[in-house]
file input16.tsv (TSV, C-alpha atoms (C1' of nucleotides))
chain	number	residue	atom	x	y	z
A	1	MET	CA	117.10	-160.93	274.52
A	2	ASN	CA	115.91	-162.02	271.14
A	3	GLY	CA	116.60	-159.10	268.93
A	4	SER	CA	117.30	-161.00	265.77
A	5	THR	CA	114.24	-163.06	265.07
A	6	ARG	CA	111.44	-160.51	265.01
A	7	VAL	CA	110.65	-160.73	261.37
A	8	GLU	CA	107.23	-160.58	259.80
A	9	GLU	CA	105.42	-163.67	258.76
A	10	THR	CA	104.27	-163.84	255.18
A	11	ALA	CA	102.91	-167.32	254.68
A	12	GLN	CA	101.42	-169.97	256.90
A	13	PRO	CA	103.85	-172.86	256.98
A	14	ALA	CA	102.80	-176.31	258.06
A	15	ALA	CA	103.06	-177.12	261.75
A	16	ASP	CA	105.69	-174.96	263.39
A	17	ALA	CA	108.03	-175.00	260.46
A	18	GLY	CA	109.87	-171.74	260.30
A	19	LEU	CA	108.84	-170.60	263.72
A	20	ALA	CA	112.13	-168.85	264.25
A	21	PHE	CA	111.41	-166.73	261.20
A	22	ARG	CA	108.10	-165.51	262.54
A	23	ARG	CA	107.14	-162.93	265.12
A	24	HIS	CA	106.19	-164.62	268.33
A	25	ASP	CA	106.53	-164.38	272.07
A	26	HIS	CA	108.91	-167.16	272.64
A	27	ARG	CA	108.66	-167.14	276.40
A	28	HIS	CA	106.01	-169.70	275.61
A	29	CYS	CA	108.56	-172.03	274.11
A	30	CYS	CA	111.36	-171.59	276.67
A	31	GLY	CA	109.64	-172.63	279.86
A	32	GLY	CA	107.98	-175.62	278.33
A	33	LEU	CA	111.15	-176.85	276.73
A	34	ILE	CA	113.17	-176.59	279.91
A	35	ALA	CA	110.45	-178.55	281.67
A	36	ARG	CA	110.58	-181.11	278.88
A	37	ALA	CA	114.34	-181.36	279.24
A	38	ASP	CA	113.92	-182.01	282.95
A	39	GLU	CA	111.46	-184.77	282.20
A	40	LEU	CA	113.78	-186.33	279.65
A	41	ALA	CA	116.69	-186.22	282.06
A	42	THR	CA	114.62	-187.92	284.73
A	43	GLU	CA	113.27	-190.55	282.34
A	44	ARG	CA	116.71	-191.42	281.07
A	45	GLY	CA	118.73	-191.05	284.22
A	46	LEU	CA	120.66	-188.09	282.85
A	47	LYS	CA	121.87	-185.22	284.96
A	48	LEU	CA	120.75	-181.83	283.75
A	49	THR	CA	123.27	-180.04	285.93
A	50	PRO	CA	123.38	-176.26	286.44
A	51	VAL	CA	125.83	-175.56	283.59
A	52	ARG	CA	124.01	-177.84	281.20
A	53	ARG	CA	120.64	-176.46	282.13
A	54	ARG	CA	121.85	-172.90	281.87
A	55	ALA	CA	123.46	-173.58	278.50
A	56	LEU	CA	120.12	-174.88	277.25
A	57	GLU	CA	118.31	-171.86	278.65
A	58	ILE	CA	120.75	-169.57	276.88
A	59	LEU	CA	120.10	-171.30	273.57
A	60	LEU	CA	116.35	-171.11	274.15
A	61	GLU	CA	116.41	-167.47	275.17
A	62	GLU	CA	118.38	-166.42	272.14
A	63	HIS	CA	116.28	-168.56	269.86
A	64	ARG	CA	119.01	-168.61	267.25
A	65	ALA	CA	122.22	-170.42	266.50
A	66	LEU	CA	124.99	-169.45	268.92
A	67	GLY	CA	128.68	-170.22	268.66
A	68	ALA	CA	130.22	-172.17	271.52
A	69	TYR	CA	132.19	-169.10	272.53
A	70	GLU	CA	129.06	-166.97	272.68
A	71	VAL	CA	127.49	-169.49	275.02
A	72	LEU	CA	130.72	-169.61	276.99
A	73	GLU	CA	130.75	-165.86	277.39
A	74	ARG	CA	127.30	-165.89	278.92
A	75	LEU	CA	128.06	-168.84	281.16
A	76	ALA	CA	131.25	-167.21	282.39
A	77	GLY	CA	129.34	-164.03	283.11
A	78	GLU	CA	127.11	-166.01	285.43
A	79	GLY	CA	129.86	-167.54	287.48
A	80	PHE	CA	130.59	-170.71	285.55
A	81	GLY	CA	134.01	-171.52	284.16
A	82	ASN	CA	135.29	-169.36	281.34
A	83	LYS	CA	137.39	-171.88	279.46
A	84	PRO	CA	136.25	-173.46	276.18
A	85	PRO	CA	135.74	-176.99	277.51
A	86	VAL	CA	133.07	-175.70	279.88
A	87	ALA	CA	130.88	-174.66	276.98
A	88	TYR	CA	131.80	-177.52	274.66
A	89	ARG	CA	131.02	-180.14	277.27
A	90	ALA	CA	127.66	-178.68	278.13
A	91	LEU	CA	126.76	-178.28	274.46
A	92	ASP	CA	127.95	-181.77	273.58
A	93	PHE	CA	125.77	-183.16	276.34
A	94	LEU	CA	122.75	-181.32	275.00
A	95	VAL	CA	123.42	-182.44	271.44
A	96	GLU	CA	124.03	-186.07	272.39
A	97	ASN	CA	120.80	-186.15	274.29
A	98	GLY	CA	118.69	-184.50	271.65
A	99	MET	CA	118.14	-181.25	273.48
A	100	ALA	CA	120.12	-179.16	271.03
A	101	HIS	CA	121.47	-179.37	267.49
A	102	ARG	CA	124.84	-178.56	266.07
A	103	ILE	CA	124.69	-176.58	262.86
A	104	ALA	CA	127.71	-177.87	260.99
A	105	ARG	CA	127.67	-175.18	258.37
A	106	LEU	CA	127.81	-172.43	260.98
A	107	ASN	CA	129.90	-174.09	263.66
A	108	ALA	CA	127.08	-173.17	265.98
A	109	PHE	CA	124.41	-174.63	268.22
A	110	MET	CA	120.71	-174.12	268.72
A	111	ALA	CA	118.10	-175.53	271.07
A	112	CYS	CA	116.01	-178.36	269.74
A	113	MET	CA	112.34	-177.53	269.48
A	114	HIS	CA	111.21	-181.15	269.78
A	115	PRO	CA	113.46	-182.79	272.34
A	116	GLY	CA	112.92	-186.46	272.76
A	117	ASP	CA	110.83	-186.87	269.64
A	118	ASP	CA	113.62	-188.73	267.89
A	119	HIS	CA	112.90	-186.60	264.88
A	120	THR	CA	115.40	-186.04	262.11
A	121	PRO	CA	115.11	-182.35	261.59
A	122	MET	CA	116.36	-180.18	258.82
A	123	VAL	CA	117.54	-176.69	259.51
A	124	MET	CA	117.09	-173.69	257.26
A	125	ILE	CA	119.69	-170.97	257.40
A	126	CYS	CA	118.75	-167.54	256.07
A	127	ARG	CA	121.72	-165.82	254.49
A	128	ALA	CA	120.14	-162.38	254.84
A	129	CYS	CA	119.02	-162.25	258.48
A	130	ARG	CA	121.24	-165.10	259.65
A	131	SER	CA	118.40	-166.70	261.53
A	132	VAL	CA	118.05	-170.44	261.67
A	133	ALA	CA	114.88	-172.48	261.87
A	134	GLU	CA	114.33	-176.13	262.46
A	135	THR	CA	111.61	-177.98	260.64
A	136	PRO	CA	110.49	-181.60	260.72
A	137	ALA	CA	111.72	-183.42	257.66
A	138	GLU	CA	110.75	-187.05	257.77
A	139	PRO	CA	110.58	-187.28	253.96
A	140	VAL	CA	114.13	-185.99	253.80
A	141	ALA	CA	115.30	-188.56	256.31
A	142	ALA	CA	113.55	-191.25	254.31
A	143	ALA	CA	115.18	-190.11	251.08
A	144	VAL	CA	118.59	-190.03	252.73
A	145	ALA	CA	118.06	-193.53	254.07
A	146	GLY	CA	117.02	-194.69	250.61
A	147	ALA	CA	120.06	-193.27	248.86
A	148	ALA	CA	122.35	-194.61	251.56
A	149	THR	CA	120.86	-198.07	251.47
A	150	ALA	CA	121.34	-198.15	247.71
A	151	ALA	CA	125.02	-197.56	248.38
A	152	GLY	CA	125.21	-200.15	251.13
A	153	PHE	CA	125.74	-197.49	253.73
A	154	ALA	CA	124.23	-197.74	257.22
A	155	VAL	CA	123.10	-194.31	258.34
A	156	GLU	CA	123.53	-193.48	262.01
A	157	GLY	CA	123.04	-189.75	261.82
A	158	THR	CA	122.42	-187.05	259.27
A	159	VAL	CA	123.21	-183.43	258.71
A	160	VAL	CA	120.62	-181.69	256.56
A	161	GLU	CA	120.95	-177.98	256.23
A	162	ALA	CA	119.31	-175.74	253.66
A	163	LEU	CA	120.83	-172.37	252.85
A	164	GLY	CA	118.79	-169.62	251.31
A	165	LEU	CA	116.29	-166.89	252.07
A	166	CYS	CA	113.54	-167.03	254.66
A	167	SER	CA	110.08	-165.83	253.74
A	168	ALA	CA	110.48	-162.56	255.62
A	169	CYS	CA	113.69	-161.64	253.84
A	170	ARG	CA	112.22	-162.57	250.49
A	171	ALA	CA	109.24	-160.36	251.24
A	172	ARG	CA	111.60	-157.55	252.11
A	173	GLY	CA	113.22	-157.99	248.72
A	174	GLU	CA	116.54	-159.27	249.96
A	175	GLY	CA	116.62	-161.60	246.99
B	1	MET	CA	148.78	-191.96	246.80
B	2	ASN	CA	145.44	-193.34	247.86
B	3	GLY	CA	146.15	-195.52	250.81
B	4	SER	CA	142.91	-195.05	252.61
B	5	THR	CA	140.19	-196.07	250.24
B	6	ARG	CA	141.13	-199.59	249.25
B	7	VAL	CA	138.33	-201.40	250.93
B	8	GLU	CA	136.50	-204.42	249.64
B	9	GLU	CA	133.22	-204.12	247.87
B	10	THR	CA	130.38	-206.18	249.22
B	11	ALA	CA	127.29	-205.04	247.40
B	12	GLN	CA	126.54	-203.51	244.02
B	13	PRO	CA	125.16	-200.03	244.63
B	14	ALA	CA	123.24	-198.14	242.03
B	15	ALA	CA	125.23	-196.07	239.57
B	16	ASP	CA	128.57	-195.08	241.11
B	17	ALA	CA	127.17	-194.58	244.55
B	18	GLY	CA	129.76	-195.46	247.10
B	19	LEU	CA	132.58	-195.59	244.61
B	20	ALA	CA	135.02	-194.29	247.16
B	21	PHE	CA	134.20	-197.24	249.38
B	22	ARG	CA	135.07	-199.76	246.69
B	23	ARG	CA	138.28	-201.09	245.31
B	24	HIS	CA	139.04	-199.46	242.02
B	25	ASP	CA	141.83	-198.01	239.98
B	26	HIS	CA	140.96	-194.41	240.22
B	27	ARG	CA	143.44	-193.20	237.68
B	28	HIS	CA	140.45	-193.64	235.42
B	29	CYS	CA	138.53	-191.00	237.28
B	30	CYS	CA	141.29	-188.42	237.74
B	31	GLY	CA	142.27	-187.70	234.17
B	32	GLY	CA	138.74	-187.47	232.93
B	33	LEU	CA	137.67	-185.16	235.69
B	34	ILE	CA	140.55	-182.79	235.14
B	35	ALA	CA	139.66	-182.69	231.46
B	36	ARG	CA	136.06	-182.02	232.39
B	37	ALA	CA	137.15	-179.19	234.69
B	38	ASP	CA	139.10	-177.66	231.82
B	39	GLU	CA	136.03	-177.83	229.62
B	40	LEU	CA	133.89	-176.24	232.27
B	41	ALA	CA	136.37	-173.46	232.79
B	42	THR	CA	136.45	-172.76	229.08
B	43	GLU	CA	132.67	-172.88	228.73
B	44	ARG	CA	132.14	-170.49	231.58
B	45	GLY	CA	135.07	-168.19	231.13
B	46	LEU	CA	136.71	-169.28	234.37
B	47	LYS	CA	140.43	-169.50	234.86
B	48	LEU	CA	141.62	-172.88	236.06
B	49	THR	CA	145.01	-171.48	237.03
B	50	PRO	CA	147.96	-173.62	238.13
B	51	VAL	CA	147.19	-173.52	241.87
B	52	ARG	CA	143.52	-174.19	241.32
B	53	ARG	CA	144.18	-176.97	238.90
B	54	ARG	CA	146.76	-178.54	241.14
B	55	ALA	CA	144.46	-178.29	244.16
B	56	LEU	CA	141.82	-180.16	242.21
B	57	GLU	CA	144.34	-182.79	241.14
B	58	ILE	CA	145.38	-183.27	244.75
B	59	LEU	CA	141.78	-183.86	245.78
B	60	LEU	CA	141.29	-186.25	242.90
B	61	GLU	CA	144.48	-188.15	243.59
B	62	GLU	CA	143.68	-188.65	247.24
B	63	HIS	CA	140.11	-189.53	246.47
B	64	ARG	CA	139.05	-188.67	249.99
B	65	ALA	CA	138.17	-185.62	252.04
B	66	LEU	CA	141.22	-183.48	252.75
B	67	GLY	CA	141.53	-180.61	255.17
B	68	ALA	CA	142.56	-177.26	253.70
B	69	TYR	CA	145.88	-177.52	255.50
B	70	GLU	CA	146.57	-180.93	254.02
B	71	VAL	CA	146.02	-179.50	250.58
B	72	LEU	CA	148.14	-176.52	251.50
B	73	GLU	CA	150.98	-178.74	252.59
B	74	ARG	CA	151.04	-180.48	249.23
B	75	LEU	CA	150.74	-177.24	247.30
B	76	ALA	CA	153.56	-175.68	249.29
B	77	GLY	CA	155.71	-178.74	248.64
B	78	GLU	CA	155.31	-178.07	244.94
B	79	GLY	CA	156.40	-174.48	244.99
B	80	PHE	CA	153.13	-172.69	245.58
B	81	GLY	CA	152.59	-170.39	248.53
B	82	ASN	CA	152.49	-171.98	251.96
B	83	LYS	CA	150.09	-169.66	253.71
B	84	PRO	CA	146.46	-170.64	254.46
B	85	PRO	CA	144.81	-168.23	252.00
B	86	VAL	CA	146.57	-169.96	249.13
B	87	ALA	CA	144.71	-173.19	249.85
B	88	TYR	CA	141.45	-171.61	250.93
B	89	ARG	CA	141.20	-169.49	247.82
B	90	ALA	CA	141.86	-172.35	245.48
B	91	LEU	CA	139.41	-174.59	247.33
B	92	ASP	CA	136.76	-171.89	247.47
B	93	PHE	CA	137.09	-171.43	243.73
B	94	LEU	CA	136.61	-175.14	243.16
B	95	VAL	CA	133.62	-175.31	245.48
B	96	GLU	CA	131.95	-172.23	244.02
B	97	ASN	CA	132.31	-173.65	240.57
B	98	GLY	CA	131.07	-177.11	241.36
B	99	MET	CA	134.39	-178.86	240.96
B	100	ALA	CA	134.68	-179.79	244.61
B	101	HIS	CA	132.52	-180.05	247.69
B	102	ARG	CA	133.02	-178.83	251.21
B	103	ILE	CA	132.14	-181.41	253.83
B	104	ALA	CA	130.81	-179.23	256.63
B	105	ARG	CA	130.86	-181.94	259.21
B	106	LEU	CA	134.55	-182.60	258.64
B	107	ASN	CA	135.79	-179.15	257.77
B	108	ALA	CA	137.25	-180.79	254.71
B	109	PHE	CA	137.06	-180.83	250.95
B	110	MET	CA	136.73	-183.45	248.26
B	111	ALA	CA	136.66	-183.43	244.49
B	112	CYS	CA	133.25	-183.53	242.90
B	113	MET	CA	132.64	-186.64	240.83
B	114	HIS	CA	130.07	-184.99	238.58
B	115	PRO	CA	131.29	-181.47	237.93
B	116	GLY	CA	128.90	-179.32	235.97
B	117	ASP	CA	125.94	-181.66	236.38
B	118	ASP	CA	124.26	-179.26	238.75
B	119	HIS	CA	123.48	-182.25	240.90
B	120	THR	CA	122.68	-181.95	244.57
B	121	PRO	CA	124.78	-184.70	246.00
B	122	MET	CA	124.72	-186.26	249.39
B	123	VAL	CA	127.89	-187.44	251.03
B	124	MET	CA	128.29	-190.45	253.22
B	125	ILE	CA	130.95	-190.37	255.90
B	126	CYS	CA	132.13	-193.67	257.35
B	127	ARG	CA	133.01	-193.33	261.01
B	128	ALA	CA	135.17	-196.44	260.95
B	129	CYS	CA	137.43	-195.96	257.93
B	130	ARG	CA	136.90	-192.19	257.67
B	131	SER	CA	136.31	-192.42	253.95
B	132	VAL	CA	133.77	-190.24	252.27
B	133	ALA	CA	131.67	-191.02	249.23
B	134	GLU	CA	129.42	-188.85	247.15
B	135	THR	CA	126.20	-190.20	245.76
B	136	PRO	CA	123.49	-188.63	243.64
B	137	ALA	CA	120.48	-187.79	245.75
B	138	GLU	CA	117.81	-186.09	243.70
B	139	PRO	CA	115.01	-187.48	245.91
B	140	VAL	CA	116.74	-185.93	248.90
B	141	ALA	CA	117.01	-182.60	247.18
B	142	ALA	CA	113.35	-182.82	246.26
B	143	ALA	CA	112.35	-183.61	249.83
B	144	VAL	CA	114.45	-180.74	251.13
B	145	ALA	CA	112.84	-178.40	248.64
B	146	GLY	CA	109.41	-179.62	249.68
B	147	ALA	CA	109.99	-179.08	253.38
B	148	ALA	CA	111.54	-175.69	252.74
B	149	THR	CA	108.72	-174.54	250.49
B	150	ALA	CA	106.23	-175.53	253.17
B	151	ALA	CA	108.08	-173.16	255.47
B	152	GLY	CA	108.24	-170.37	252.90
B	153	PHE	CA	111.97	-170.77	252.61
B	154	ALA	CA	113.77	-170.37	249.27
B	155	VAL	CA	116.57	-172.91	249.06
B	156	GLU	CA	119.77	-171.81	247.35
B	157	GLY	CA	122.03	-174.58	248.50
B	158	THR	CA	121.95	-177.64	250.69
B	159	VAL	CA	124.26	-179.60	252.90
B	160	VAL	CA	123.29	-183.25	253.14
B	161	GLU	CA	125.70	-185.49	254.96
B	162	ALA	CA	125.03	-188.97	256.28
B	163	LEU	CA	127.19	-190.36	259.06
B	164	GLY	CA	127.48	-194.06	259.65
B	165	LEU	CA	129.18	-197.20	258.44
B	166	CYS	CA	130.10	-198.03	254.88
B	167	SER	CA	129.37	-201.48	253.52
B	168	ALA	CA	132.98	-202.59	253.76
B	169	CYS	CA	133.27	-201.65	257.41
B	170	ARG	CA	129.96	-203.28	258.20
B	171	ALA	CA	131.14	-206.45	256.48
B	172	ARG	CA	134.29	-206.34	258.58
B	173	GLY	CA	132.11	-206.21	261.66
B	174	GLU	CA	132.96	-202.67	262.69
B	175	GLY	CA	129.36	-202.15	263.79
C	1	DT	C1'	152.95	-148.02	227.75
C	2	DA	C1'	149.73	-146.82	231.25
C	3	DT	C1'	146.25	-148.79	233.85
C	4	DC	C1'	142.90	-152.01	235.27
C	5	DG	C1'	141.29	-156.19	236.92
C	6	DT	C1'	142.30	-160.66	238.51
C	7	DA	C1'	145.17	-163.71	240.84
C	8	DT	C1'	148.85	-164.86	244.03
C	9	DG	C1'	151.51	-164.23	248.03
C	10	DT	C1'	152.41	-162.45	252.77
C	11	DT	C1'	151.66	-160.87	257.63
C	12	DA	C1'	149.05	-161.17	261.35
C	13	DT	C1'	145.29	-162.59	263.93
C	14	DA	C1'	140.72	-164.44	264.82
C	15	DA	C1'	137.73	-168.27	265.70
C	16	DA	C1'	136.84	-173.03	266.77
C	17	DG	C1'	138.00	-177.15	269.12
C	18	DT	C1'	140.52	-180.62	272.20
C	19	DA	C1'	143.92	-183.40	275.19
C	20	DA	C1'	145.31	-184.01	279.65
C	21	DC	C1'	145.23	-183.38	284.27
C	22	DA	C1'	143.50	-181.39	288.96
C	23	DG	C1'	139.91	-180.58	292.17
C	24	DT	C1'	134.94	-181.36	293.74
C	25	DC	C1'	131.12	-183.77	295.18
C	26	DA	C1'	127.44	-187.11	295.76
C	27	DA	C1'	126.43	-192.03	296.27
C	28	DG	C1'	127.55	-196.26	297.56
C	29	DT	C1'	130.67	-199.48	300.39
C	30	DT	C1'	132.99	-201.24	304.30
D	1	DA	C1'	132.41	-192.35	310.00
D	2	DA	C1'	136.03	-193.18	306.63
D	3	DC	C1'	136.92	-194.85	302.06
D	4	DT	C1'	136.23	-195.54	297.27
D	5	DT	C1'	134.29	-194.63	292.96
D	6	DG	C1'	132.58	-192.29	289.12
D	7	DA	C1'	130.73	-188.35	287.04
D	8	DC	C1'	131.18	-183.54	286.64
D	9	DT	C1'	133.54	-179.06	286.60
D	10	DG	C1'	137.52	-176.40	286.06
D	11	DT	C1'	142.17	-175.28	284.42
D	12	DT	C1'	146.41	-175.10	281.44
D	13	DA	C1'	148.10	-175.37	277.27
D	14	DC	C1'	147.73	-176.29	272.69
D	15	DT	C1'	146.02	-177.61	267.92
D	16	DT	C1'	143.27	-176.84	264.01
D	17	DT	C1'	140.59	-174.05	261.02
D	18	DA	C1'	139.76	-169.66	258.85
D	19	DT	C1'	139.97	-164.73	257.40
D	20	DA	C1'	141.09	-159.65	257.03
D	21	DA	C1'	144.18	-156.62	255.09
D	22	DC	C1'	147.72	-155.41	252.40
D	23	DA	C1'	151.66	-156.14	248.87
D	24	DT	C1'	153.18	-158.02	244.53
D	25	DA	C1'	152.80	-160.03	239.82
D	26	DC	C1'	150.90	-160.32	235.43
D	27	DG	C1'	147.97	-160.44	231.34
D	28	DA	C1'	144.53	-157.77	228.66
D	29	DT	C1'	143.33	-153.61	226.68
D	30	DA	C1'	142.74	-148.73	225.91
call {"tool": "encode", "arguments": {"input": "input16.tsv", "output": "structure tokens"}}
result
Amino acid sequence: MNGSTRVEETAQPAADAGLAFRRHDHRHCCGGLIARADELATERGLKLTPVRRRALEILLEEHRALGAYEVLERLAGEGFGNKPPVAYRALDFLVENGMAHRIARLNAFMACMHPGDDHTPMVMICRACRSVAETPAEPVAAAVAGAATAAGFAVEGTVVEALGLCSACRARGEG
Amino acid sequence: MNGSTRVEETAQPAADAGLAFRRHDHRHCCGGLIARADELATERGLKLTPVRRRALEILLEEHRALGAYEVLERLAGEGFGNKPPVAYRALDFLVENGMAHRIARLNAFMACMHPGDDHTPMVMICRACRSVAETPAEPVAAAVAGAATAAGFAVEGTVVEALGLCSACRARGEG
DNA sequence: TATCGTATGTTATAAAGTAACAGTCAAGTT
DNA sequence: AACTTGACTGTTACTTTATAACATACGATA
């Protein structure tokens, strides 16, 4: 697992911004996040059933954005159903409950690194290595809210995706 | 044309923010924007060919987000090709050259209201009336750039989409 | 007028997403 | 225990969105 995100770090971003772009042993993130998801489910009376849990694990293990059909393929290989709704329903559950994000631009999904924090993250999509990283973006959310309010629009959700080059690919001269 | 965007205005947003949500005679916007597109094409040595031009006109006339196949249907009805690539190529040209925007969340396209301004707009998508409005959002772009820079990420493009309720739908108690 | 590049058109197919209904199962009800 | 209910999983069948690959047209220019 995880072949695509082993890229060298070149700068020290704030907090965990850009984690997916950096070399790291992400077994540290998987276990903790599954445990956190269990907690959340218990707190909120949600059912993190086997398919849902496994779908989340798959997203965490890959540590990148996966298409619904990629997730489906893995689920089917493990004895779950192999029809699209199986994957879409599990992924929709995860997204609705803040355990995963949908990347609109890629028609793909990735595990949320801060489940339950009610954060409004922004995702960065590297066009060279195709990796995707989530970063906190409260100022962005605030700016979006400001612009929307000026237009009389009540924001209920946002999609904020930046496309470009991650630090590793820039360092490698992908520019 | 334009059945879907005749909703009552309830507040006076800054600039033209939320124009699509307000009652207006948009013939005023269409002609000028086509002229502007012609200028841009001339300035930059681009060819605003008949299909491309007509695709832009269709987006302007509808004044809402249209799926590629909706545009295709209209193009085909006017004697252009009726196969998907005909629409996708024209729309891609318009998007690449700043004359239209792709709304990732809706898999749809809409005419740009400020072609050539090199603005980084944000779009607001009303879940009740399905209309979509573009609004300038420099502070959002700045915030995105800030968060990205902190992560060592070089932004080349952004997708900023707000989902929620427009002022008209809120006033109608759609909440 | 040959040819070169750009644009348009077509065939065919891939990729993404959903509606509708059937079967399963745990939890509560009688 | 038998029944009912509601949430979840699974399936069939289909729609919508998108692209690769190749064929044709057409203007500019050498």
call {"tool": "interface_residues", "arguments": {"input": "input16.tsv", "of": "chain A", "to": "chain B", "cutoff": "9 Å", "atoms": "all atoms listed in the file", "output": "ChimeraX atom specification"}}
result
/A:10-19,103-107,122,124,126,135-168,170
call {"tool": "interface_residues", "arguments": {"input": "input16.tsv", "of": "chain D", "to": "chain A", "cutoff": "12 Å", "atoms": "only C-alpha atoms (C1' of nucleotides)", "output": "ChimeraX atom specification"}}
result
/D:7-13,17-18
call {"tool": "interface_residues", "arguments": {"input": "input16.tsv", "of": "chain C", "to": "chain A", "cutoff": "10 Å", "atoms": "all atoms listed in the file", "output": "JSON, numbers by chain"}}
result
{"C": [15, 16, 17, 18]}
call {"tool": "atom_distance", "arguments": {"input": "input16.tsv", "atom1": "CA of Glu78 (chain B)", "atom2": "C1' of DA14 (chain C)"}}
result
28.2 Å
call {"tool": "residues_around", "arguments": {"input": "input16.tsv", "residues": "Gly116 (chain A)", "least_positions_apart": "3", "cutoff": "12 Å", "atoms": "only C-alpha atoms (C1' of nucleotides)", "output": "list in words"}}
result
Leu33, Arg36, Ala37, Asp38, Glu39, Leu40, Ala41, Glu43, Arg44, Leu94, Val95, Glu96, Asn97, Gly98, Met99, Ala100, Cys112, Met113, His119 and Thr120 of chain A
call {"tool": "atom_distance", "arguments": {"input": "input16.tsv", "atom1": "CA of Gly79 (chain B)", "atom2": "CA of Pro115 (chain B)"}}
result
27.0 Å
call {"tool": "atom_distance", "arguments": {"input": "input16.tsv", "atom1": "CA of Leu56 (chain A)", "atom2": "C1' of DT24 (chain C)"}}
result
23.1 Å
call {"tool": "closest_residue", "arguments": {"input": "input16.tsv", "among": "A:Ala35, A:Ala65, A:Ala76, A:Ala55", "to": "Leu91 (chain A)", "atoms": "all atoms listed in the file"}}
result
A:Ala55
